[in-house]
>>> print(open('target24.csv').read())   # CSV, C-alpha atoms
chain,number,residue,atom,x,y,z
F,335,MET,CA,-7.6,134.1,104.5
F,336,ALA,CA,-9.3,136.5,102.2
F,337,PHE,CA,-11.9,133.8,101.5
F,338,ASP,CA,-12.4,133.2,105.2
F,339,SER,CA,-13.3,136.8,106.0
F,340,PHE,CA,-15.5,136.9,102.8
F,341,TRP,CA,-17.3,133.8,104.1
F,342,VAL,CA,-17.7,135.3,107.5
F,343,TYR,CA,-19.3,138.4,106.0
F,344,LEU,CA,-21.6,136.5,103.7
F,345,SER,CA,-22.8,134.0,106.3
F,346,ALA,CA,-23.5,136.8,108.8
F,347,SER,CA,-25.6,138.7,106.3
F,348,PRO,CA,-29.2,137.5,105.9
F,349,LEU,CA,-28.9,138.1,102.2
F,350,TRP,CA,-26.7,135.1,101.6
F,351,TRP,CA,-29.0,132.3,102.7
F,352,LEU,CA,-32.0,134.1,101.3
F,353,THR,CA,-30.5,134.4,97.9
F,354,LEU,CA,-29.1,130.9,98.0
F,355,THR,CA,-32.5,129.4,99.0
F,356,ILE,CA,-34.2,131.1,96.0
F,357,LEU,CA,-31.4,130.1,93.6
F,358,ILE,CA,-31.4,126.5,94.7
F,359,TYR,CA,-35.2,126.4,94.4
F,360,LEU,CA,-35.1,127.8,90.9
F,361,GLY,CA,-32.4,125.3,89.9
F,362,ALA,CA,-34.4,122.4,91.4
F,363,GLN,CA,-37.5,123.6,89.5
F,364,ARG,CA,-35.6,123.6,86.3
F,365,LEU,CA,-34.2,120.1,87.0
F,366,PHE,CA,-37.7,118.9,87.8
F,367,LEU,CA,-39.1,120.2,84.5
F,368,LYS,CA,-36.1,118.9,82.5
F,369,SER,CA,-36.7,115.4,84.0
F,370,GLY,CA,-40.3,115.4,82.7
F,371,SER,CA,-41.7,116.0,86.2
F,372,ALA,CA,-40.1,113.0,87.9
F,373,ALA,CA,-41.9,112.7,91.2
F,374,LEU,CA,-38.7,112.0,93.2
F,375,LEU,CA,-37.2,115.3,91.9
F,376,ASN,CA,-39.9,117.4,93.6
F,377,PRO,CA,-38.4,120.9,93.8
F,378,VAL,CA,-39.3,121.5,97.5
F,379,ALA,CA,-37.7,118.1,98.5
F,380,VAL,CA,-34.6,118.6,96.4
F,381,SER,CA,-34.1,122.2,97.7
F,382,ILE,CA,-34.5,121.1,101.3
F,383,VAL,CA,-32.0,118.2,101.0
F,384,ALA,CA,-29.5,120.4,99.1
F,385,LEU,CA,-29.7,123.2,101.8
F,386,ILE,CA,-29.4,120.7,104.7
F,387,VAL,CA,-26.3,119.2,103.0
F,388,LEU,CA,-24.8,122.7,102.5
F,389,LEU,CA,-25.6,123.8,106.1
F,390,GLU,CA,-24.0,120.6,107.5
F,391,LEU,CA,-20.9,120.9,105.2
F,392,SER,CA,-20.4,124.6,106.2
F,393,HIS,CA,-21.2,123.9,109.9
F,394,THR,CA,-23.9,126.5,109.8
F,395,SER,CA,-26.7,126.3,112.4
F,396,TYR,CA,-30.3,126.2,111.5
F,397,ASP,CA,-30.8,129.5,113.4
F,398,ALA,CA,-28.2,131.2,111.3
F,399,TYR,CA,-29.8,129.9,108.2
F,400,PHE,CA,-33.2,131.0,109.3
F,401,ALA,CA,-32.1,134.5,110.0
F,402,GLY,CA,-31.9,135.0,106.2
F,403,ALA,CA,-34.6,132.5,105.1
F,404,GLN,CA,-37.3,133.9,107.4
F,405,PHE,CA,-38.1,136.5,104.9
F,406,LEU,CA,-39.5,133.8,102.6
F,407,HIS,CA,-41.1,132.0,105.6
F,408,PHE,CA,-42.9,135.2,106.5
F,409,LEU,CA,-44.7,135.3,103.1
F,410,LEU,CA,-46.4,132.0,104.0
F,411,GLY,CA,-48.9,134.0,106.1
F,412,PRO,CA,-50.2,136.4,103.3
F,413,ALA,CA,-49.9,133.5,100.8
F,414,THR,CA,-52.3,131.4,102.9
F,415,VAL,CA,-54.7,134.4,103.1
F,416,ALA,CA,-54.4,134.7,99.3
F,417,LEU,CA,-55.8,131.2,98.9
F,418,ALA,CA,-59.2,132.8,99.3
F,419,VAL,CA,-58.9,134.3,95.8
F,420,PRO,CA,-58.8,131.0,93.8
F,421,LEU,CA,-61.4,129.6,96.2
F,422,TYR,CA,-63.6,132.5,95.4
F,423,ARG,CA,-63.2,131.9,91.7
F,424,GLN,CA,-64.4,128.3,92.2
F,425,MET,CA,-67.5,129.4,94.2
F,426,ALA,CA,-70.0,128.1,91.7
F,427,ARG,CA,-68.4,124.7,91.6
F,428,LEU,CA,-68.0,124.6,95.4
F,429,ARG,CA,-71.6,125.5,96.0
F,430,ALA,CA,-72.7,122.6,93.7
F,431,ILE,CA,-70.7,120.0,95.5
F,432,TRP,CA,-70.4,121.3,99.1
F,433,PHE,CA,-71.8,118.0,100.5
F,434,PRO,CA,-69.2,115.6,98.9
F,435,VAL,CA,-66.5,118.1,99.9
F,436,THR,CA,-67.6,118.3,103.6
F,437,VAL,CA,-68.0,114.5,104.0
F,438,SER,CA,-64.7,113.8,102.2
F,439,LEU,CA,-62.9,116.3,104.5
F,440,ALA,CA,-64.2,114.7,107.6
F,441,VAL,CA,-63.3,111.2,106.4
F,442,GLY,CA,-59.9,112.5,105.3
F,443,VAL,CA,-59.1,114.2,108.6
F,444,LEU,CA,-60.0,111.0,110.6
F,445,THR,CA,-58.2,108.7,108.3
F,446,GLY,CA,-55.1,110.9,108.4
F,447,ALA,CA,-54.9,110.9,112.2
F,448,PHE,CA,-56.0,107.3,113.0
F,449,SER,CA,-54.1,105.5,110.2
F,450,ALA,CA,-50.9,107.1,111.6
F,451,VAL,CA,-51.7,106.2,115.2
F,452,ALA,CA,-52.7,102.6,114.3
F,453,ILE,CA,-49.7,101.9,112.1
F,454,GLY,CA,-47.3,103.5,114.6
F,455,TYR,CA,-48.9,101.4,117.4
F,456,VAL,CA,-48.4,98.2,115.4
F,457,LEU,CA,-44.8,99.1,114.8
F,458,GLY,CA,-44.3,99.7,118.5
F,459,LEU,CA,-43.9,103.4,118.8
F,460,ASP,CA,-44.4,104.8,122.3
F,461,ARG,CA,-47.5,106.7,123.3
F,462,THR,CA,-46.0,110.2,123.3
F,463,THR,CA,-44.8,109.7,119.7
F,464,LEU,CA,-48.2,108.4,118.7
F,465,LEU,CA,-49.9,111.5,120.1
F,466,SER,CA,-47.4,113.7,118.3
F,467,LEU,CA,-48.2,111.8,115.1
F,468,ALA,CA,-51.9,112.3,115.2
F,469,PRO,CA,-52.1,115.9,113.8
F,470,LYS,CA,-49.4,115.4,111.2
F,471,SER,CA,-51.6,116.1,108.2
F,472,VAL,CA,-52.5,119.7,109.4
F,473,THR,CA,-50.5,122.8,108.7
F,474,THR,CA,-47.6,123.3,111.1
F,475,PRO,CA,-48.9,126.0,113.6
F,476,VAL,CA,-52.3,124.2,114.1
F,477,ALA,CA,-50.6,120.8,114.3
F,478,MET,CA,-48.3,122.0,117.1
F,479,GLY,CA,-51.2,123.4,119.0
F,480,ILE,CA,-53.2,120.2,118.8
F,481,SER,CA,-50.2,118.1,119.6
F,482,GLU,CA,-49.7,120.0,122.8
F,483,VAL,CA,-53.4,119.6,123.8
F,484,LEU,CA,-53.2,115.9,123.1
F,485,GLY,CA,-50.1,115.4,125.2
F,486,GLY,CA,-47.6,115.0,122.3
F,487,ILE,CA,-44.3,116.9,121.7
F,488,PRO,CA,-45.0,119.9,119.5
F,489,ALA,CA,-41.5,120.1,118.1
F,490,MET,CA,-41.7,116.4,117.1
F,491,THR,CA,-45.0,117.1,115.4
F,492,ALA,CA,-43.5,119.9,113.4
F,493,ALA,CA,-40.9,117.6,111.9
F,494,PHE,CA,-43.7,115.0,111.1
F,495,VAL,CA,-45.8,117.7,109.5
F,496,VAL,CA,-43.0,118.8,107.2
F,497,PHE,CA,-42.1,115.2,106.3
F,498,THR,CA,-45.8,114.4,105.6
F,499,GLY,CA,-46.2,117.5,103.4
F,500,ILE,CA,-43.2,116.7,101.3
F,501,THR,CA,-44.1,113.0,101.1
F,502,GLY,CA,-47.6,113.9,100.0
F,503,ALA,CA,-46.4,116.3,97.4
F,504,VAL,CA,-43.9,113.8,96.0
F,505,ILE,CA,-46.1,110.7,95.8
F,506,GLY,CA,-49.6,112.3,95.9
F,507,LEU,CA,-50.5,112.7,92.3
F,508,ARG,CA,-49.1,109.4,91.3
F,509,VAL,CA,-50.9,107.5,94.1
F,510,LEU,CA,-54.2,109.2,93.2
F,511,LYS,CA,-53.8,108.4,89.5
F,512,ALA,CA,-53.1,104.8,90.3
F,513,ALA,CA,-56.2,104.7,92.5
F,514,GLY,CA,-58.3,106.0,89.7
F,515,VAL,CA,-59.0,109.4,91.2
F,516,THR,CA,-59.3,111.7,88.1
F,517,ASP,CA,-61.7,114.5,89.1
F,518,GLU,CA,-59.7,117.7,89.7
F,519,SER,CA,-61.6,118.7,92.8
F,520,ALA,CA,-61.2,115.3,94.3
F,521,VAL,CA,-57.5,115.3,93.6
F,522,GLY,CA,-57.1,118.7,95.1
F,523,THR,CA,-59.1,117.8,98.2
F,524,ALA,CA,-57.1,114.7,98.8
F,525,MET,CA,-53.8,116.6,98.4
F,526,GLY,CA,-54.8,119.4,100.8
F,527,VAL,CA,-56.2,117.1,103.5
F,528,THR,CA,-53.2,114.8,103.4
F,529,ALA,CA,-50.3,117.1,102.7
F,530,HIS,CA,-51.6,120.6,103.8
F,531,GLY,CA,-49.6,123.5,102.2
F,532,VAL,CA,-46.9,121.6,100.4
F,533,GLY,CA,-49.6,119.4,98.8
F,534,THR,CA,-51.6,122.5,97.9
F,535,ALA,CA,-48.6,124.1,96.2
F,536,ARG,CA,-48.1,120.8,94.2
F,537,ALA,CA,-51.8,120.7,93.3
F,538,PHE,CA,-51.7,124.3,92.0
F,539,GLU,CA,-48.9,123.2,89.6
F,540,VAL,CA,-51.1,120.7,87.9
F,541,HIS,CA,-54.5,122.4,87.8
F,542,PRO,CA,-56.1,125.6,89.1
F,543,VAL,CA,-59.2,123.8,90.2
F,544,SER,CA,-57.1,121.2,92.1
F,545,GLY,CA,-55.2,124.0,93.7
F,546,ALA,CA,-58.3,125.9,94.8
F,547,PHE,CA,-59.8,122.8,96.4
F,548,ALA,CA,-56.5,121.8,98.0
F,549,GLY,CA,-56.4,125.3,99.7
F,550,LEU,CA,-59.9,124.9,100.9
F,551,ALA,CA,-59.2,121.3,102.1
F,552,MET,CA,-56.1,122.5,104.0
F,553,ALA,CA,-58.0,125.3,105.8
F,554,LEU,CA,-61.1,123.3,106.7
F,555,ALA,CA,-59.0,120.3,107.7
F,556,ALA,CA,-57.2,122.6,110.2
F,557,PHE,CA,-60.6,123.6,111.6
F,558,LEU,CA,-62.0,120.1,111.7
F,559,THR,CA,-58.9,118.5,113.3
F,560,ALA,CA,-58.8,121.2,116.0
F,561,LEU,CA,-62.4,120.6,116.7
F,562,MET,CA,-62.5,116.8,116.5
F,563,LEU,CA,-59.3,115.3,117.6
F,564,PRO,CA,-59.0,116.5,121.2
F,565,PRO,CA,-62.5,115.4,122.2
F,566,LEU,CA,-62.2,112.1,120.3
F,567,PHE,CA,-58.9,111.3,122.0
F,568,GLU,CA,-60.4,112.2,125.4
F,569,TRP,CA,-63.4,110.0,124.7
F,570,MET,CA,-61.1,107.1,123.9
F,571,GLY,CA,-59.3,107.7,127.1
F,572,TRP,CA,-56.0,108.4,125.4
F,573,ARG,CA,-55.3,111.7,127.0
A,80,MET,CA,-50.9,143.1,99.6
A,81,ALA,CA,-52.2,145.5,102.3
A,82,LEU,CA,-55.6,143.7,102.2
A,83,LEU,CA,-53.9,140.3,102.6
A,84,LEU,CA,-51.8,141.5,105.5
A,85,PHE,CA,-54.9,143.2,107.0
A,86,CYS,CA,-56.9,139.9,106.8
A,87,GLN,CA,-53.9,138.0,108.4
A,88,LEU,CA,-53.7,140.6,111.2
A,89,CYS,CA,-57.5,140.3,111.8
A,90,GLY,CA,-57.1,136.5,111.8
A,91,GLU,CA,-54.2,136.6,114.3
A,92,ALA,CA,-56.2,139.1,116.5
A,93,LEU,CA,-59.2,136.8,116.5
A,94,VAL,CA,-57.1,133.8,117.4
A,95,ARG,CA,-55.5,135.7,120.4
A,96,LEU,CA,-58.9,136.8,121.6
A,97,SER,CA,-60.7,133.5,121.3
A,98,GLY,CA,-57.8,131.3,122.4
A,99,TRP,CA,-58.6,128.9,119.5
A,100,PRO,CA,-55.7,126.6,118.4
A,101,LEU,CA,-55.9,127.9,114.8
A,102,PRO,CA,-53.3,129.8,112.9
A,103,GLY,CA,-54.1,133.5,112.1
A,104,PRO,CA,-53.5,133.1,108.3
A,105,VAL,CA,-56.1,130.3,108.0
A,106,LEU,CA,-58.7,132.5,109.7
A,107,GLY,CA,-57.5,135.4,107.6
A,108,MET,CA,-58.2,133.3,104.5
A,109,LEU,CA,-61.7,132.7,105.6
A,110,LEU,CA,-62.2,136.4,106.4
A,111,LEU,CA,-60.9,137.4,102.9
A,112,PHE,CA,-63.2,134.8,101.4
A,113,LEU,CA,-66.2,136.2,103.2
A,114,TRP,CA,-65.2,139.7,102.2
A,115,LEU,CA,-65.0,138.7,98.5
A,116,ARG,CA,-68.4,137.1,98.7
A,117,TYR,CA,-69.8,140.2,100.4
A,118,ARG,CA,-68.4,142.4,97.7
A,119,GLY,CA,-69.3,140.1,94.9
A,120,ARG,CA,-66.1,140.5,93.0
A,121,SER,CA,-62.3,140.5,93.3
A,122,SER,CA,-60.1,143.5,92.3
A,123,HIS,CA,-57.4,143.4,89.6
A,124,ASP,CA,-54.6,144.2,92.1
A,125,LEU,CA,-55.7,141.5,94.5
A,126,ASP,CA,-55.8,139.0,91.7
A,127,LEU,CA,-52.4,140.0,90.6
A,128,THR,CA,-50.9,139.8,94.1
A,129,ALA,CA,-52.6,136.5,95.0
A,130,ASP,CA,-51.6,134.8,91.8
A,131,GLY,CA,-48.0,136.0,92.1
A,132,LEU,CA,-47.7,134.8,95.7
A,133,LEU,CA,-49.4,131.4,94.9
A,134,LYS,CA,-47.1,130.8,91.9
A,135,TYR,CA,-44.2,130.6,94.4
A,136,LEU,CA,-46.1,128.9,97.2
A,137,ALA,CA,-43.9,125.8,97.1
A,138,LEU,CA,-40.7,127.9,97.5
A,139,LEU,CA,-42.1,129.4,100.7
A,140,PHE,CA,-42.1,126.0,102.5
A,141,VAL,CA,-38.3,125.5,102.0
A,142,PRO,CA,-37.1,127.5,105.0
A,143,ALA,CA,-39.5,125.5,107.4
A,144,GLY,CA,-38.6,122.3,105.7
A,145,VAL,CA,-34.8,122.7,106.3
A,146,GLY,CA,-35.8,122.9,110.0
A,147,VAL,CA,-36.2,119.1,109.9
A,148,MET,CA,-32.4,118.9,110.4
A,149,VAL,CA,-32.8,120.1,114.0
A,150,TYR,CA,-34.7,116.9,114.8
A,151,PHE,CA,-32.3,114.5,113.2
A,152,ASP,CA,-30.6,113.5,116.5
A,153,ALA,CA,-33.8,113.3,118.5
A,154,LEU,CA,-35.6,111.0,116.0
A,155,GLY,CA,-32.5,109.0,115.0
A,156,GLY,CA,-33.4,105.8,116.8
A,157,ILE,CA,-36.9,105.4,115.4
A,158,TRP,CA,-36.6,107.1,112.0
A,159,LEU,CA,-37.4,103.9,110.0
A,160,LYS,CA,-40.6,103.1,111.9
A,161,LEU,CA,-41.6,106.8,111.7
A,162,GLY,CA,-40.8,107.0,108.0
A,163,VAL,CA,-42.9,103.8,107.3
A,164,THR,CA,-45.8,105.1,109.4
A,165,LEU,CA,-45.9,108.5,107.8
A,166,LEU,CA,-45.5,107.2,104.3
A,167,ALA,CA,-48.2,104.5,104.7
A,168,SER,CA,-50.6,106.9,106.4
A,169,ALA,CA,-50.1,109.5,103.6
A,170,VAL,CA,-51.0,106.8,101.0
A,171,ILE,CA,-54.0,105.6,102.9
A,172,THR,CA,-55.3,109.2,103.5
A,173,LEU,CA,-54.8,110.2,99.9
A,174,VAL,CA,-56.7,107.1,98.5
A,175,VAL,CA,-59.5,107.1,101.1
A,176,THR,CA,-60.2,110.8,100.7
A,177,GLY,CA,-59.9,110.7,96.9
A,178,TRP,CA,-62.2,107.7,96.6
A,179,THR,CA,-64.8,109.1,99.0
A,180,MET,CA,-65.0,112.3,97.2
A,181,GLN,CA,-65.2,110.8,93.7
A,182,TRP,CA,-67.8,108.3,94.8
A,183,LEU,CA,-70.0,111.0,96.4
A,184,LEU,CA,-69.6,113.2,93.3
A,185,ARG,CA,-70.7,110.4,91.0
A,186,ARG,CA,-73.6,109.5,93.2
A,187,GLN,CA,-74.7,113.2,93.3
A,188,LYS,CA,-74.5,113.4,89.5
A,189,THR,CA,-76.6,110.3,88.9
A,190,GLU,CA,-79.1,111.5,91.6
A,191,HIS,CA,-79.4,114.7,89.7
A,192,SER,CA,-80.0,113.1,86.4
A,193,ASP,CA,-82.5,110.7,87.9
A,194,GLY,CA,-84.4,113.4,89.6
A,195,VAL,CA,-84.8,115.6,86.5
>>> encode(input="target24.csv", output="structure tokens")
Amino acid sequence: MAFDSFWVYLSASPLWWLTLTILIYLGAQRLFLKSGSAALLNPVAVSIVALIVLLELSHTSYDAYFAGAQFLHFLLGPATVALAVPLYRQMARLRAIWFPVTVSLAVGVLTGAFSAVAIGYVLGLDRTTLLSLAPKSVTTPVAMGISEVLGGIPAMTAAFVVFTGITGAVIGLRVLKAAGVTDESAVGTAMGVTAHGVGTARAFEVHPVSGAFAGLAMALAAFLTALMLPPLFEWMGWR
Amino acid sequence: MALLLFCQLCGEALVRLSGWPLPGPVLGMLLLFLWLRYRGRSSHDLDLTADGLLKYLALLFVPAGVGVMVYFDALGGIWLKLGVTLLASAVITLVVTGWTMQWLLRRQKTEHSDGV
């Protein structure tokens, strides 16, 4: 009984899930480094799976969990703003290659949206799901906004965005290496445009230049997608 | 930190006012970038705060990621098709973007060396 009331106290206090999230992440990070950076042991992916299992086992709702974890979630805002600092440090480099960056971003945004819609269509997914898939490479709040404009289901889009980000972070560097993409700024741009913030975080872990370009790619991809997708889908008669 | 929050706030305000479907922090990032360019340098405190936050950027995605569990039931029937679609699309986007950029970078380099 003593344990029960202890548990009730802990799970009611935001401190419990907040602390646990950080501890699990630090553990996952250590595991990742010990394994020699095995892609499948990506710390974000491992932490999320571990926490979902814990929440399911303890019959805790996501809302109860988020009451504590929201303090970390809140920091995403200022952290996104902070991406301007590494970007500023890469100014000289960026100025020299703004044309390749801009073209690659436009290509990446269109490829991300239309490859998902095309593959999903071939596999027989329904129209609403396809429309919810289109903005999945963009950071969550923008993706949900675009999904709504297109006629998708924003909540579904949010789940796709998270899955895409984690997938991109897990497989991204390996895929790019296999494809012969070695330039740090190209690696970063591909990671940011494909896997938004999670991809950017992963890019920062390997190289500061990749991280800076991933942050830029993520931000500009959000702009480009919001600007391009709704009119394009309207023009194609999808909306 | 105050500057970061201020830029985010300005970004959010701009989004509300303009009705643009963009997140405040993304606009805030561009505002801070413009501010740094205008000023011509960053400050030690800003560098320290930004580097500290970005070092743990990956951790900050965990709470939102756990939210996927809410959709398990809704997406149950089509999860395999969705998984294949998202995975294949991620691979294609990575490769196409990476190749495009690398190809353009090499072309630019040779153009420059030819021109001079």
>>> interface_residues(input="target24.csv", of="chain A", to="chain F", cutoff="6 Å", atoms="all atoms listed in the file", output="PyMOL selection string")
chain A and resi 83-84+100-102+104-105+107-108+112+129+132+136-137+139+141-142+144-145+147+164+168+172-173+176-177+179-180+183
>>> closest_residue(input="target24.csv", among="F:Ala537, F:Leu558, F:Ala548, F:Val504", to="Ala373 of chain F", atoms="all atoms listed in the file")
F:Val504
>>> axis_aligned_box(input="target24.csv", around="segment 119-130 of chain A", padding_each_side="4 Å", output="AutoDock Vina command-line options")
--center_x -60.1 --center_y 139.5 --center_z 92.3 --size_x 26.4 --size_y 17.4 --size_z 13.4
>>> atom_distance(input="target24.csv", atom1="atom CA of Leu106 of chain A", atom2="atom CA of Arg118 of chain A")
18.3 Å
>>> atom_distance(input="target24.csv", atom1="atom CA of Leu110 of chain A", atom2="atom CA of Gly90 of chain A")
7.4 Å
>>> atom_distance(input="target24.csv", atom1="atom CA of Ala398 of chain F", atom2="atom CA of Gly155 of chain A")
22.9 Å
>>> decode(input="target24.csv", residues="segment 398-420 of chain F", atoms="N, CA, C and O atoms", output="short mmCIF file (atom, residue, chain, number, x, y, z; two decimals), in the first residue's frame")
data_model
loop_
_atom_site.label_atom_id
_atom_site.label_comp_id
_atom_site.auth_asym_id
_atom_site.auth_seq_id
_atom_site.Cartn_x
_atom_site.Cartn_y
_atom_site.Cartn_z
N ALA F 398 -1.19 12.91 -18.94
CA ALA F 398 -0.54 12.91 -17.62
C ALA F 398 0.98 13.00 -17.79
O ALA F 398 1.66 13.74 -17.07
N TYR F 399 1.49 12.26 -18.77
CA TYR F 399 2.93 12.30 -19.04
C TYR F 399 3.35 13.71 -19.47
O TYR F 399 4.33 14.27 -18.99
N PHE F 400 2.55 14.28 -20.38
CA PHE F 400 2.93 15.56 -20.98
C PHE F 400 2.91 16.70 -19.96
O PHE F 400 3.63 17.69 -20.11
N ALA F 401 2.10 16.54 -18.90
CA ALA F 401 2.06 17.56 -17.85
C ALA F 401 3.46 17.80 -17.30
O ALA F 401 3.84 18.93 -16.98
N GLY F 402 4.25 16.72 -17.21
CA GLY F 402 5.61 16.88 -16.73
C GLY F 402 6.58 17.20 -17.85
O GLY F 402 7.42 18.10 -17.74
N ALA F 403 6.43 16.49 -18.98
CA ALA F 403 7.41 16.59 -20.05
C ALA F 403 7.29 17.91 -20.83
O ALA F 403 8.19 18.27 -21.58
N GLN F 404 6.20 18.64 -20.63
CA GLN F 404 6.00 19.87 -21.40
C GLN F 404 7.09 20.90 -21.15
O GLN F 404 7.31 21.78 -21.97
N PHE F 405 7.77 20.78 -20.00
CA PHE F 405 8.82 21.76 -19.73
C PHE F 405 9.97 21.60 -20.73
O PHE F 405 10.57 22.58 -21.15
N LEU F 406 10.25 20.37 -21.10
CA LEU F 406 11.25 20.14 -22.16
C LEU F 406 10.70 20.60 -23.50
O LEU F 406 11.40 21.22 -24.29
N HIS F 407 9.44 20.25 -23.75
CA HIS F 407 8.81 20.58 -25.02
C HIS F 407 8.83 22.09 -25.25
O HIS F 407 9.06 22.55 -26.36
N PHE F 408 8.61 22.84 -24.15
CA PHE F 408 8.58 24.29 -24.25
C PHE F 408 9.90 24.85 -24.79
O PHE F 408 9.91 25.80 -25.57
N LEU F 409 11.01 24.22 -24.39
CA LEU F 409 12.33 24.71 -24.80
C LEU F 409 12.58 24.59 -26.30
O LEU F 409 13.51 25.19 -26.84
N LEU F 410 11.74 23.81 -27.00
CA LEU F 410 11.89 23.68 -28.45
C LEU F 410 11.79 25.05 -29.14
O LEU F 410 12.49 25.30 -30.12
N GLY F 411 10.93 25.91 -28.63
CA GLY F 411 10.75 27.25 -29.22
C GLY F 411 12.04 28.05 -29.21
O GLY F 411 12.61 28.35 -30.26
N PRO F 412 12.56 28.37 -28.00
CA PRO F 412 13.84 29.10 -27.94
C PRO F 412 14.98 28.37 -28.63
O PRO F 412 15.84 29.01 -29.24
N ALA F 413 14.98 27.02 -28.60
CA ALA F 413 16.05 26.28 -29.27
C ALA F 413 15.99 26.50 -30.78
O ALA F 413 17.01 26.61 -31.45
N THR F 414 14.76 26.55 -31.32
CA THR F 414 14.62 26.81 -32.75
C THR F 414 15.14 28.20 -33.09
O THR F 414 15.86 28.39 -34.08
N VAL F 415 14.81 29.18 -32.26
CA VAL F 415 15.31 30.54 -32.47
C VAL F 415 16.85 30.53 -32.42
O VAL F 415 17.52 31.19 -33.23
N ALA F 416 17.39 29.75 -31.49
CA ALA F 416 18.85 29.69 -31.29
C ALA F 416 19.58 29.16 -32.52
O ALA F 416 20.79 29.37 -32.67
N LEU F 417 18.87 28.47 -33.43
CA LEU F 417 19.50 27.95 -34.65
C LEU F 417 20.09 29.08 -35.49
O LEU F 417 20.95 28.85 -36.34
N ALA F 418 19.63 30.31 -35.24
CA ALA F 418 20.16 31.45 -35.99
C ALA F 418 21.64 31.66 -35.70
O ALA F 418 22.38 32.15 -36.55
N VAL F 419 22.10 31.27 -34.50
CA VAL F 419 23.49 31.52 -34.12
C VAL F 419 24.48 30.70 -34.96
O VAL F 419 25.38 31.29 -35.59
N PRO F 420 24.33 29.35 -35.02
CA PRO F 420 25.26 28.61 -35.90
C PRO F 420 25.12 29.03 -37.36
O PRO F 420 26.10 29.04 -38.10
#
